[in-house]
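Visitor: What follows is final_14.pdb, made up of PDB, C-alpha atoms and all ligand atoms:
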ATOM      1  CA  MET A 519      26.959  -5.559  17.270
ATOM      2  CA  CYS A 520      24.773  -3.748  19.758
ATOM      3  CA  GLU A 521      25.719  -0.140  18.997
ATOM      4  CA  ASN A 522      22.663   2.072  19.165
ATOM      5  CA  ALA A 523      22.060   5.275  17.248
ATOM      6  CA  ASP A 524      19.751   8.048  18.424
ATOM      7  CA  ASP A 525      16.027   7.712  17.928
ATOM      8  CA  LEU A 526      15.661   4.041  17.268
ATOM      9  CA  ILE A 527      12.076   3.269  16.310
ATOM     10  CA  LEU A 528      10.140   0.056  16.647
ATOM     11  CA  GLY A 529       8.130  -0.321  13.446
ATOM     12  CA  ILE A 530       5.177  -2.702  13.266
ATOM     13  CA  ASP A 531       3.379  -3.654  10.064
ATOM     14  CA  LEU A 532       0.102  -5.388  10.875
ATOM     15  CA  GLY A 533      -1.203  -7.086   7.744
ATOM     16  CA  GLY A 534      -4.125  -9.401   7.136
ATOM     17  CA  SER A 535      -1.743 -12.327   6.615
ATOM     18  CA  LYS A 536       1.510 -11.352   8.352
ATOM     19  CA  ILE A 537       2.877  -9.231  11.168
ATOM     20  CA  LEU A 538       6.302  -7.686  10.615
ATOM     21  CA  ALA A 539       8.138  -5.915  13.447
ATOM     22  CA  ALA A 540      11.544  -4.276  13.123
ATOM     23  CA  VAL A 541      13.921  -2.005  14.983
ATOM     24  CA  VAL A 542      14.661   0.811  12.545
ATOM     25  CA  ASP A 543      17.255   3.579  12.784
ATOM     26  CA  PRO A 544      16.647   7.157  11.523
ATOM     27  CA  GLN A 545      18.344   6.298   8.199
ATOM     28  CA  GLY A 546      15.841   3.542   7.541
ATOM     29  CA  ARG A 547      18.196   0.663   8.316
ATOM     30  CA  MET A 548      16.490  -2.332   9.863
ATOM     31  CA  LEU A 549      18.514  -3.619  12.822
ATOM     32  CA  SER A 550      16.259  -6.644  13.123
ATOM     33  CA  SER A 551      13.021  -7.994  11.778
ATOM     34  CA  ASP A 552      10.537 -10.521  13.051
ATOM     35  CA  GLU A 553       7.817 -11.968  10.848
ATOM     36  CA  SER A 554       4.883 -14.028  12.013
ATOM     37  CA  VAL A 555       1.533 -15.156  10.669
ATOM     38  CA  THR A 556      -1.448 -12.966  11.649
ATOM     39  CA  PRO A 557      -3.955 -15.168  13.504
ATOM     40  CA  ALA A 558      -6.686 -13.042  11.894
ATOM     41  CA  THR A 559      -9.501 -15.554  12.360
ATOM     42  CA  GLU A 560      -8.807 -15.923  16.094
ATOM     43  CA  GLY A 561      -9.993 -12.416  16.889
ATOM     44  CA  CYS A 562      -8.655  -9.130  18.088
ATOM     45  CA  GLU A 563      -7.073 -10.107  21.423
ATOM     46  CA  VAL A 564      -5.056 -12.991  19.949
ATOM     47  CA  VAL A 565      -3.787 -10.750  17.135
ATOM     48  CA  ILE A 566      -2.792  -8.042  19.620
ATOM     49  CA  GLN A 567      -0.828 -10.576  21.682
ATOM     50  CA  SER A 568       0.947 -11.694  18.486
ATOM     51  CA  ILE A 569       1.868  -8.074  17.729
ATOM     52  CA  VAL A 570       3.355  -7.699  21.220
ATOM     53  CA  ASP A 571       5.262 -11.002  20.921
ATOM     54  CA  SER A 572       6.624 -10.025  17.509
ATOM     55  CA  ALA A 573       7.657  -6.587  18.798
ATOM     56  CA  ARG A 574       9.531  -8.133  21.740
ATOM     57  CA  SER A 575      11.248 -10.617  19.458
ATOM     58  CA  ALA A 576      12.417  -7.782  17.138
ATOM     59  CA  LEU A 577      13.835  -5.915  20.164
ATOM     60  CA  GLU A 578      15.618  -9.015  21.392
ATOM     61  CA  GLN A 579      17.161  -9.735  17.988
ATOM     62  CA  ALA A 580      18.508  -6.167  17.822
ATOM     63  CA  CYS A 581      19.850  -6.360  21.434
ATOM     64  CA  VAL A 582      17.760  -3.308  22.246
ATOM     65  CA  ALA A 583      15.688  -2.701  25.361
ATOM     66  CA  ILE A 584      12.326  -0.952  25.017
ATOM     67  CA  SER A 585      13.817   1.892  27.092
ATOM     68  CA  GLU A 586      16.282   2.549  24.255
ATOM     69  CA  ILE A 587      13.463   2.973  21.718
ATOM     70  CA  SER A 588      12.172   6.500  21.068
ATOM     71  CA  ALA A 589       8.702   5.505  19.836
ATOM     72  CA  VAL A 590       6.623   2.758  18.261
ATOM     73  CA  GLY A 591       4.967   3.162  14.853
ATOM     74  CA  ILE A 592       2.115   0.827  13.884
ATOM     75  CA  GLY A 593       0.822   0.503  10.333
ATOM     76  CA  ALA A 594      -2.533  -1.260  10.011
ATOM     77  CA  PRO A 595      -4.896  -2.043   7.155
ATOM     78  CA  GLY A 596      -8.377  -0.530   7.049
ATOM     79  CA  ILE A 597     -10.015   2.699   8.088
ATOM     80  CA  SER A 598      -8.337   4.416  11.001
ATOM     81  CA  ASN A 599      -7.997   7.771  12.702
ATOM     82  CA  PRO A 600      -4.311   8.471  13.400
ATOM     83  CA  GLU A 601      -5.092  11.385  15.739
ATOM     84  CA  ALA A 602      -7.296   9.249  17.988
ATOM     85  CA  GLY A 603      -5.268   6.062  17.412
ATOM     86  CA  ILE A 604      -8.413   4.118  16.527
ATOM     87  CA  LEU A 605      -8.755   1.404  13.927
ATOM     88  CA  PHE A 606     -12.439   1.662  12.943
ATOM     89  CA  THR A 607     -12.739  -1.406  10.705
ATOM     90  CA  SER A 608     -10.513  -3.500   8.509
ATOM     91  CA  PRO A 609     -11.580  -5.807   5.676
ATOM     92  CA  ASN A 610      -8.547  -8.003   6.488
ATOM     93  CA  LEU A 611      -9.213  -8.281  10.232
ATOM     94  CA  PRO A 612     -12.664  -9.773  10.786
ATOM     95  CA  GLY A 613     -14.420  -8.719  13.975
ATOM     96  CA  TRP A 614     -12.364  -5.564  14.582
ATOM     97  CA  ARG A 615     -14.619  -2.586  15.371
ATOM     98  CA  GLU A 616     -13.300   0.689  16.767
ATOM     99  CA  VAL A 617     -10.218  -0.784  18.417
ATOM    100  CA  LEU A 618      -8.029   1.685  20.328
ATOM    101  CA  LEU A 619      -4.986  -0.073  18.917
ATOM    102  CA  ARG A 620      -2.476   2.726  19.556
ATOM    103  CA  ASP A 621      -3.219   2.947  23.294
ATOM    104  CA  ILE A 622      -3.357  -0.814  23.735
ATOM    105  CA  ILE A 623       0.100  -1.287  22.165
ATOM    106  CA  GLN A 624       1.390   1.728  24.083
ATOM    107  CA  ASP A 625       0.245   0.187  27.381
ATOM    108  CA  ARG A 626       1.499  -3.327  26.635
ATOM    109  CA  LEU A 627       4.943  -2.218  25.449
ATOM    110  CA  GLY A 628       5.282   0.761  27.791
ATOM    111  CA  LYS A 629       6.325   3.164  25.041
ATOM    112  CA  LYS A 630       4.735   6.067  23.157
ATOM    113  CA  ALA A 631       3.038   4.675  20.032
ATOM    114  CA  PHE A 632       1.516   6.072  16.828
ATOM    115  CA  LEU A 633      -1.020   4.446  14.487
ATOM    116  CA  ILE A 634      -1.269   4.989  10.725
ATOM    117  CA  ASN A 635      -3.080   3.333   7.811
ATOM    118  CA  ASP A 636      -0.819   0.899   5.925
ATOM    119  CA  ALA A 637      -0.889   2.685   2.547
ATOM    120  CA  ASN A 638      -0.207   6.029   4.224
ATOM    121  CA  ALA A 639       2.659   4.372   6.074
ATOM    122  CA  ALA A 640       4.118   3.082   2.806
ATOM    123  CA  ALA A 641       3.925   6.604   1.337
ATOM    124  CA  LEU A 642       5.869   8.032   4.286
ATOM    125  CA  GLY A 643       8.359   5.173   4.042
ATOM    126  CA  GLU A 644       9.092   6.119   0.416
ATOM    127  CA  PHE A 645       9.303   9.787   1.468
ATOM    128  CA  TYR A 646      11.883   9.174   4.195
ATOM    129  CA  PHE A 647      13.835   6.227   2.843
ATOM    130  CA  GLY A 648      12.829   5.467  -0.764
ATOM    131  CA  ALA A 649      11.721   6.814  -4.145
ATOM    132  CA  ALA A 650      10.141  10.040  -2.851
ATOM    133  CA  ARG A 651      13.123  11.428  -0.925
ATOM    134  CA  GLY A 652      13.336  15.182  -1.522
ATOM    135  CA  ALA A 653       9.795  15.457  -2.938
ATOM    136  CA  HIS A 654       7.263  17.721  -1.195
ATOM    137  CA  ASN A 655       3.983  16.959  -2.923
ATOM    138  CA  PHE A 656       3.541  13.444  -4.148
ATOM    139  CA  ILE A 657       1.155  10.533  -4.250
ATOM    140  CA  TYR A 658       2.066   6.945  -3.503
ATOM    141  CA  ILE A 659      -0.096   4.309  -5.141
ATOM    142  CA  THR A 660      -0.050   0.589  -4.548
ATOM    143  CA  LEU A 661      -1.553  -1.511  -7.335
ATOM    144  CA  SER A 662      -2.299  -4.894  -5.862
ATOM    145  CA  THR A 663      -5.422  -6.975  -5.236
ATOM    146  CA  GLY A 664      -6.940  -3.543  -4.506
ATOM    147  CA  ILE A 665      -5.582  -0.014  -4.927
ATOM    148  CA  GLY A 666      -4.290   1.950  -1.946
ATOM    149  CA  ALA A 667      -2.655   5.339  -1.735
ATOM    150  CA  GLY A 668      -1.045   7.931   0.458
ATOM    151  CA  ILE A 669      -1.252  11.616  -0.397
ATOM    152  CA  VAL A 670       1.670  13.685   0.864
ATOM    153  CA  ILE A 671       1.226  17.457   0.881
ATOM    154  CA  ASP A 672       4.149  19.612   1.996
ATOM    155  CA  GLY A 673       5.803  16.578   3.540
ATOM    156  CA  THR A 674       2.799  15.510   5.615
ATOM    157  CA  ILE A 675       0.278  12.759   4.998
ATOM    158  CA  TYR A 676      -3.092  14.267   4.154
ATOM    159  CA  THR A 677      -5.559  12.396   6.376
ATOM    160  CA  GLY A 678      -8.733  14.519   6.118
ATOM    161  CA  ALA A 679     -11.314  15.315   8.803
ATOM    162  CA  ILE A 680     -11.411  11.944  10.580
ATOM    163  CA  GLY A 681      -8.398  10.242   9.033
ATOM    164  CA  THR A 682      -9.943   8.346   6.110
ATOM    165  CA  ALA A 683      -8.551  10.442   3.221
ATOM    166  CA  GLY A 684      -6.538   8.842   0.446
ATOM    167  CA  GLU A 685      -8.988   6.065  -0.448
ATOM    168  CA  VAL A 686      -8.313   6.686  -4.139
ATOM    169  CA  GLY A 687      -9.092   3.050  -4.960
ATOM    170  CA  HIS A 688     -12.732   3.917  -4.341
ATOM    171  CA  MET A 689     -13.089   6.912  -6.613
ATOM    172  CA  THR A 690     -15.787   6.194  -9.177
ATOM    173  CA  ILE A 691     -14.405   5.643 -12.677
ATOM    174  CA  ASP A 692     -17.451   4.014 -14.308
ATOM    175  CA  ASP A 693     -20.760   4.952 -12.709
ATOM    176  CA  ASN A 694     -22.323   1.741 -13.975
ATOM    177  CA  GLY A 695     -19.307  -0.510 -13.558
ATOM    178  CA  PRO A 696     -18.970  -3.739 -11.560
ATOM    179  CA  VAL A 697     -19.920  -3.643  -7.867
ATOM    180  CA  CYS A 698     -16.982  -3.053  -5.515
ATOM    181  CA  ASN A 699     -16.353  -4.553  -2.038
ATOM    182  CA  CYS A 700     -17.197  -1.114  -0.617
ATOM    183  CA  GLY A 701     -20.725  -1.295  -2.062
ATOM    184  CA  ASN A 702     -20.212   1.378  -4.733
ATOM    185  CA  LYS A 703     -20.146   0.657  -8.472
ATOM    186  CA  GLY A 704     -17.234   1.090 -10.847
ATOM    187  CA  CYS A 705     -14.570   2.077  -8.278
ATOM    188  CA  TRP A 706     -11.005   2.462  -9.601
ATOM    189  CA  GLU A 707      -9.882  -0.740  -7.859
ATOM    190  CA  VAL A 708     -12.708  -2.786  -9.285
ATOM    191  CA  LEU A 709     -11.494  -1.826 -12.783
ATOM    192  CA  ALA A 710      -7.714  -1.455 -12.460
ATOM    193  CA  SER A 711      -6.441  -3.942  -9.840
ATOM    194  CA  GLY A 712      -4.988  -7.439  -9.972
ATOM    195  CA  THR A 713      -8.422  -8.717  -8.968
ATOM    196  CA  ALA A 714      -9.955  -6.937 -11.987
ATOM    197  CA  LEU A 715      -7.348  -8.464 -14.308
ATOM    198  CA  ALA A 716      -8.040 -12.002 -13.055
ATOM    199  CA  ARG A 717     -11.820 -11.476 -13.170
ATOM    200  CA  GLU A 718     -11.757 -10.280 -16.790
ATOM    201  CA  ALA A 719      -9.495 -13.150 -17.828
ATOM    202  CA  LYS A 720     -11.828 -15.715 -16.246
ATOM    203  CA  ARG A 721     -14.815 -14.123 -17.926
ATOM    204  CA  GLY A 722     -13.124 -14.207 -21.331
ATOM    205  CA  ILE A 723     -12.100 -17.840 -20.878
ATOM    206  CA  GLN A 724     -15.657 -18.808 -19.889
ATOM    207  CA  GLU A 725     -16.941 -17.041 -22.993
ATOM    208  CA  GLY A 726     -14.604 -19.156 -25.120
ATOM    209  CA  VAL A 727     -11.886 -16.651 -26.058
ATOM    210  CA  ARG A 728      -8.785 -18.230 -27.625
ATOM    211  CA  THR A 729      -5.969 -18.007 -25.064
ATOM    212  CA  SER A 730      -3.144 -20.077 -23.596
ATOM    213  CA  ILE A 731      -3.738 -18.806 -20.020
ATOM    214  CA  LEU A 732      -5.234 -22.073 -18.712
ATOM    215  CA  LYS A 733      -2.108 -23.926 -19.834
ATOM    216  CA  TYR A 734      -0.197 -22.288 -16.962
ATOM    217  CA  VAL A 735      -2.648 -23.483 -14.265
ATOM    218  CA  ASP A 736      -3.305 -27.078 -15.394
ATOM    219  CA  GLY A 737      -6.689 -26.023 -16.763
ATOM    220  CA  ASP A 738      -7.918 -24.803 -13.339
ATOM    221  CA  LEU A 739      -9.823 -21.552 -13.883
ATOM    222  CA  GLU A 740      -9.798 -20.750 -10.152
ATOM    223  CA  ARG A 741      -6.008 -20.521 -10.154
ATOM    224  CA  VAL A 742      -5.903 -17.754 -12.786
ATOM    225  CA  THR A 743      -4.178 -14.763 -11.183
ATOM    226  CA  ALA A 744      -2.592 -11.541 -12.406
ATOM    227  CA  GLN A 745       0.854 -13.238 -12.345
ATOM    228  CA  VAL A 746      -0.398 -16.104 -14.519
ATOM    229  CA  ILE A 747      -1.886 -13.667 -17.032
ATOM    230  CA  HIS A 748       1.388 -11.749 -17.076
ATOM    231  CA  LYS A 749       3.286 -14.961 -17.769
ATOM    232  CA  ALA A 750       0.980 -15.783 -20.691
ATOM    233  CA  ALA A 751       1.328 -12.247 -22.052
ATOM    234  CA  GLU A 752       5.125 -12.495 -21.915
ATOM    235  CA  GLN A 753       4.879 -15.656 -24.009
ATOM    236  CA  GLY A 754       2.926 -13.685 -26.617
ATOM    237  CA  ASP A 755      -0.680 -14.545 -25.691
ATOM    238  CA  LYS A 756      -2.739 -11.922 -27.519
ATOM    239  CA  PHE A 757      -5.738 -12.020 -25.161
ATOM    240  CA  ALA A 758      -3.516 -11.696 -22.060
ATOM    241  CA  LYS A 759      -1.677  -8.741 -23.614
ATOM    242  CA  GLU A 760      -4.944  -7.008 -24.518
ATOM    243  CA  LEU A 761      -6.329  -7.532 -21.005
ATOM    244  CA  ILE A 762      -3.226  -6.042 -19.364
ATOM    245  CA  ALA A 763      -3.379  -3.066 -21.731
ATOM    246  CA  ARG A 764      -7.068  -2.617 -20.859
ATOM    247  CA  ILE A 765      -6.315  -2.637 -17.120
ATOM    248  CA  GLY A 766      -3.441  -0.234 -17.846
ATOM    249  CA  TYR A 767      -5.891   2.074 -19.589
ATOM    250  CA  TYR A 768      -8.032   2.165 -16.433
ATOM    251  CA  VAL A 769      -4.949   2.734 -14.275
ATOM    252  CA  GLY A 770      -4.324   5.753 -16.530
ATOM    253  CA  VAL A 771      -7.877   7.093 -16.130
ATOM    254  CA  GLY A 772      -7.416   7.106 -12.346
ATOM    255  CA  LEU A 773      -3.972   8.707 -12.636
ATOM    256  CA  THR A 774      -5.560  11.437 -14.778
ATOM    257  CA  ASN A 775      -7.957  12.319 -11.958
ATOM    258  CA  LEU A 776      -5.160  12.403  -9.375
ATOM    259  CA  ILE A 777      -2.946  14.561 -11.607
ATOM    260  CA  ASN A 778      -5.760  17.029 -12.318
ATOM    261  CA  ILE A 779      -6.843  17.275  -8.678
ATOM    262  CA  PHE A 780      -3.470  17.343  -6.911
ATOM    263  CA  ASN A 781      -0.880  18.497  -9.489
ATOM    264  CA  PRO A 782       1.709  16.258  -7.769
ATOM    265  CA  GLU A 783       5.402  16.573  -8.615
ATOM    266  CA  LEU A 784       5.799  12.815  -8.295
ATOM    267  CA  ILE A 785       3.684   9.673  -8.358
ATOM    268  CA  VAL A 786       5.356   6.621  -6.821
ATOM    269  CA  ILE A 787       3.867   3.339  -7.957
ATOM    270  CA  GLY A 788       4.268   0.107  -6.014
ATOM    271  CA  GLY A 789       2.356  -3.119  -5.351
ATOM    272  CA  GLY A 790       2.541  -6.553  -6.963
ATOM    273  CA  LEU A 791       0.567  -5.642 -10.079
ATOM    274  CA  SER A 792       3.023  -2.853 -10.948
ATOM    275  CA  ASN A 793       5.740  -5.511 -11.367
ATOM    276  CA  ILE A 794       4.167  -6.215 -14.769
ATOM    277  CA  GLY A 795       5.971  -3.042 -15.836
ATOM    278  CA  ASP A 796       5.704  -1.430 -19.289
ATOM    279  CA  MET A 797       2.989  -3.719 -20.578
ATOM    280  CA  LEU A 798       0.685  -2.246 -17.902
ATOM    281  CA  LEU A 799       2.210   1.144 -17.163
ATOM    282  CA  GLY A 800       2.880   2.091 -20.809
ATOM    283  CA  PRO A 801      -0.867   2.286 -21.610
ATOM    284  CA  ALA A 802      -1.467   3.911 -18.188
ATOM    285  CA  PHE A 803       0.983   6.776 -18.799
ATOM    286  CA  LYS A 804      -0.198   7.164 -22.395
ATOM    287  CA  THR A 805      -3.816   7.505 -21.246
ATOM    288  CA  ALA A 806      -2.909  10.011 -18.531
ATOM    289  CA  GLY A 807      -0.873  11.970 -21.121
ATOM    290  CA  GLN A 808      -3.887  12.156 -23.419
ATOM    291  CA  ARG A 809      -6.459  12.980 -20.759
ATOM    292  CA  ALA A 810      -4.828  15.057 -17.998
ATOM    293  CA  TYR A 811      -4.179  18.780 -18.135
ATOM    294  CA  LYS A 812      -1.104  19.109 -20.347
ATOM    295  CA  GLU A 813       0.820  21.377 -17.952
ATOM    296  CA  ALA A 814       0.094  19.181 -14.953
ATOM    297  CA  PHE A 815       1.077  16.000 -16.827
ATOM    298  CA  GLN A 816       4.334  17.571 -17.998
ATOM    299  CA  ALA A 817       5.145  18.521 -14.402
ATOM    300  CA  VAL A 818       4.665  15.040 -12.922
ATOM    301  CA  ARG A 819       7.370  12.417 -12.635
ATOM    302  CA  PHE A 820       6.635   8.714 -12.195
ATOM    303  CA  ALA A 821       8.855   6.422 -10.137
ATOM    304  CA  SER A 822       8.746   2.830  -8.943
ATOM    305  CA  ALA A 823       8.451   2.225  -5.215
ATOM    306  CA  GLN A 824      11.780   1.136  -3.707
ATOM    307  CA  LEU A 825      10.942  -0.410  -0.347
ATOM    308  CA  GLY A 826       9.060  -3.501  -1.531
ATOM    309  CA  ARG A 827       7.703  -5.720   1.224
ATOM    310  CA  ASN A 828       9.334  -3.596   3.928
ATOM    311  CA  SER A 829       7.386  -0.473   2.900
ATOM    312  CA  GLY A 830       4.818  -0.929   5.693
ATOM    313  CA  VAL A 831       7.222  -1.494   8.564
ATOM    314  CA  LEU A 832       9.641   1.231   7.417
ATOM    315  CA  GLY A 833       6.699   3.563   6.806
ATOM    316  CA  ALA A 834       5.254   2.970  10.271
ATOM    317  CA  ALA A 835       8.706   3.764  11.677
ATOM    318  CA  ALA A 836       8.909   6.897   9.474
ATOM    319  CA  PHE A 837       5.550   8.076  10.815
ATOM    320  CA  ALA A 838       6.674   7.689  14.419
ATOM    321  CA  LEU A 839       9.952   9.441  13.550
ATOM    322  CA  GLN A 840       8.032  12.340  11.995
ATOM    323  CA  LYS A 841       5.812  12.592  15.055
ATOM    324  CA  ILE A 842       8.741  12.854  17.472
ATOM    325  CA  ARG A 843      11.173  14.808  15.276
ATOM    326  CA  GLY A 844       9.058  16.824  12.835
ATOM    327  CA  LEU A 845       9.747  16.998   9.091
ATOM    328  CA  PRO A 846      13.112  15.741   7.785
ATOM    329  CA  ARG A 847      15.660  18.437   6.971
ATOM    330  CA  GLU A 848      16.300  19.186   3.282
TER     331      GLU A 848
HETATM  332 ZN    ZN A 901     -15.068   0.759  -3.844
END
Give the structure from the file, written as C-alpha cells.
Ligand SMILES: [Zn+2]
Guide:
Amino acid sequence: MCENADDLILGIDLGGSKILAAVVDPQGRMLSSDESVTPATEGCEVVIQSIVDSARSALEQACVAISEISAVGIGAPGISNPEAGILFTSPNLPGWREVLLRDIIQDRLGKKAFLINDANAAALGEFYFGAARGAHNFIYITLSTGIGAGIVIDGTIYTGAIGTAGEVGHMTIDDNGPVCNCGNKGCWEVLASGTALAREAKRGIQEGVRTSILKYVDGDLERVTAQVIHKAAEQGDKFAKELIARIGYYVGVGLTNLINIFNPELIVIGGGLSNIGDMLLGPAFKTAGQRAYKEAFQAVRFASAQLGRNSGVLGAAAFALQKIRGLPRE
C-alpha cells in the first residue's frame, strides 16, 4: 500500500474554482488526490492556506511524508514568470498581484517548488503522460470558456522573455471584432471559444432566429451554454449546427496561424468545447487545410488531449519532474 517509487512529486493544480493536489509518480500515476473548493473571493492568504491544507491531505492519503517527495509542482491560472516563481495577475483570482507563490509554498511545505502557468502545465502533462508522448515540437490547445495553449519546442515549454508566451487565445483574428476581456478586439478566444458560441446563440435568439435551443433551458436565455447548443445541434437544430460550424471555422483560422508560424508536428486539442467533436473540429481542420501552407499542414497531426481534468495536476508534476531530472529519455 505504501510502497514508494523514486522521485515522487506533489502536483498542485490551483484553479479559479477548485484546488487539486496529488502525489504523482514518474510514470504519471496518481497515488492520491485531494480536491477542494478555491475560496477565491476570500483573498490570497486564505487561498494559500487551502493549497497547503490540500497538499498535506494528498500526502496523508498516499502515506507519504514530505521528506519522501522530490519536488512540488504548482500550476496556476493567469500570467506568471516560472523563472522567478511569481504569479503577476490572474483573472480567476481577484486581488492577486505579483504574488511570490513558488517561494511561499516552498517555505510552508519545506520542499523545493516550481510554478508554471496552467495551460503550459497541461501541455507538459500531455508530453510526459498523454497524447504528446514522443513528440518534440507540438502545441497544446485548450478550447474552453477561453482558449489557452502551451508551446513545446524541443521538449521544453517556450515561455518567452518574462514567461508570458503562449497566449494564443489573444492573437488578433478580426481587427474589428468583438472586444475581449484583455481589452483588445477580435482575439481568437472572443471568436472561437465556448463563450463565443453561447454569445452568438443568444444574439440569434434575441433577433428572432428559428431554433429549438431555448427548449433545453426552459426558455431561460441566460442558461444557454455551449453544451446546450451542442445538444440542440445533435437533435438536428439547423441554427445550432451552423453556429458550431462557424465557431469551428474560427478555430481553423487560429490553427492556420499556429501551423504557419510554428510548423508543429502535432497539435493536441483539449478543453470542454472540443468534446463537441467533428461538428466543430471538422470545419476547423478543413479551414486550416485550405488556408495554411500546404507542406506544413500535411506535416501536422491532430490528437485529442488524454488527461482530461487531471491535466493540470499531472502537468504541474511533469514540470517539477523536468526541472529535477531534465528531459525524458526517448
Ligand atoms: Zn484578448
Visitor: To one decimal in Å, tell me the separation between atom ZN of ligand ZN 901 (chain A) and atom CA of Asn635 of chain A.
Guide: 16.9 Å
Visitor: Using all atoms listed in the file, which protein or nucleic acid residues are at most 10 Å from ligand ZN 901 (chain A), as a list in words?
Guide: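 Those residues are Gly664, Ile665, Glu685, Val686, Gly687, His688, Met689, Thr690, Pro696, Val697, Cys698, Asn699, Cys700, Gly701, Asn702, Lys703, Gly704, Cys705, Trp706, Glu707, Val708 and Leu709 of chain A.
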Visitor: Give me, as a ChimeraX atom specification, all polymer residues having an atom no more than 10 Å from segment 805-808 of chain A, counting only C-alpha atoms and skipping those fewer than 6 positions away in the same chain.
Guide: /A:766-778,799,814-816
Visitor: So the first atom is atom CA of Thr729 of chain A and the second is atom CA of Leu798 of chain A; what is the distance between them in Å, to one decimal place?
Guide: 18.5 Å
Visitor: So how far away is atom CA of Gly546 of chain A from atom CA of Pro609 of chain A, in Å?
Guide: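 Distance between the two atoms: 29.0 Å.
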Visitor: When you count only C-alpha atoms, which of these residues is closest to Phe645 of chain A: A:Gln545, A:Ser792, A:Thr743, A:Asn781?
Guide: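 That would be A:Gln545, the residue with the smallest distance to Phe645 of chain A.
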Visitor: Write out as a PyMOL selection string which residues come within 8 Å of Leu577 of chain A when counting all atoms listed in the file, dropping same-chain ones fewer than 3 positions away.
Guide: chain A and resi 528+540-541+550+573-574+580-584
Visitor: Using the chain letters and numbering of this document, enumerate as number ranges by chain the residues selected by the PyMOL selection byres (((chain A and resi 745) around 10) and not hetatm).
Guide: A: 712, 715-716, 742-744, 746-751, 790-791, 793-794
Visitor: Quick one: which residues end up in the PyMOL selection byres (((chain A and resi 531) around 7) and not hetatm) for this structure, as a PyMOL selection string?
Guide: chain A and resi 529-530+532-533+537-539+592-594+830-831+834
Visitor: Can you give me, as a list of chain:residue names, the residues this file yields under the PyMOL selection byres (((chain A and resi 668-679) around 7) and not hetatm)?
Guide: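 Those residues are A:Ala637, A:Asn638, A:Ala641, A:His654, A:Asn655, A:Phe656, A:Ile657, A:Tyr658, A:Ile659, A:Ala667, A:Ile680, A:Gly681, A:Thr682, A:Ala683, A:Gly684, A:Leu845.
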Visitor: Kindly indicate which residue among A:Arg626, A:Lys812, A:Arg547, A:Lys536 lies nearest to Asn610 of chain A, using only C-alpha atoms for the distances.
Guide: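 Using only C-alpha atoms, the shortest distance to Asn610 of chain A belongs to A:Lys536.
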Visitor: Nearest to Asp636 of chain A among A:Gly833, A:Gly726, A:Gly613, A:Gly844, with distances taken over all atoms listed in the file: which residue is it?
Guide: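 Of the candidates, the smallest distance to Asp636 of chain A is held by A:Gly833.
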Visitor: Measuring atom to atom with all atoms listed in the file, identify which of A:Ala640, A:Ala650, A:Val565, A:Ala836 is nearest to Leu619 of chain A.
Guide: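 Checking each candidate against Leu619 of chain A, we get A:Val565 as the closest.
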Visitor: Find, counting all atoms listed in the file, the residue in A:Phe632, A:Leu605, A:Pro595, A:Gln567 that gets nearest to Leu839 of chain A.
Guide: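 The closest residue to Leu839 of chain A is A:Phe632.
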Visitor: For each of A:Gly534, A:Pro846, A:Pro782, A:Gly643, take the minimum atom-to-atom distance to Val555 of chain A, counting only C-alpha atoms, then give the residue where this is smallest.
Guide: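 Of A:Gly534, A:Pro846, A:Pro782, A:Gly643, the one nearest Val555 of chain A, counting only C-alpha atoms, is A:Gly534.
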Visitor: Neighbouring residues of Trp614 of chain A were defined as those with any atom within 7 Å, considering all atoms listed in the file; residues of the same chain fewer than 5 positions away were excluded. Please report them as a list of chain:residue names.
Guide: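 Neighbouring residues, sequence-local ones excluded: A:Cys562, A:Thr607, A:Ser608.
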Visitor: May I have the centre and edge lengths, in Å to one decimal, of an axis-aligned box around the listed atoms of segment 830-842 of chain A with 3 Å added to every side, as lines of an AutoDock Vina configuration file?
Guide:
center_x = 7.4
center_y = 5.7
center_z = 11.6
size_x = 11.1
size_y = 20.3
size_z = 17.8
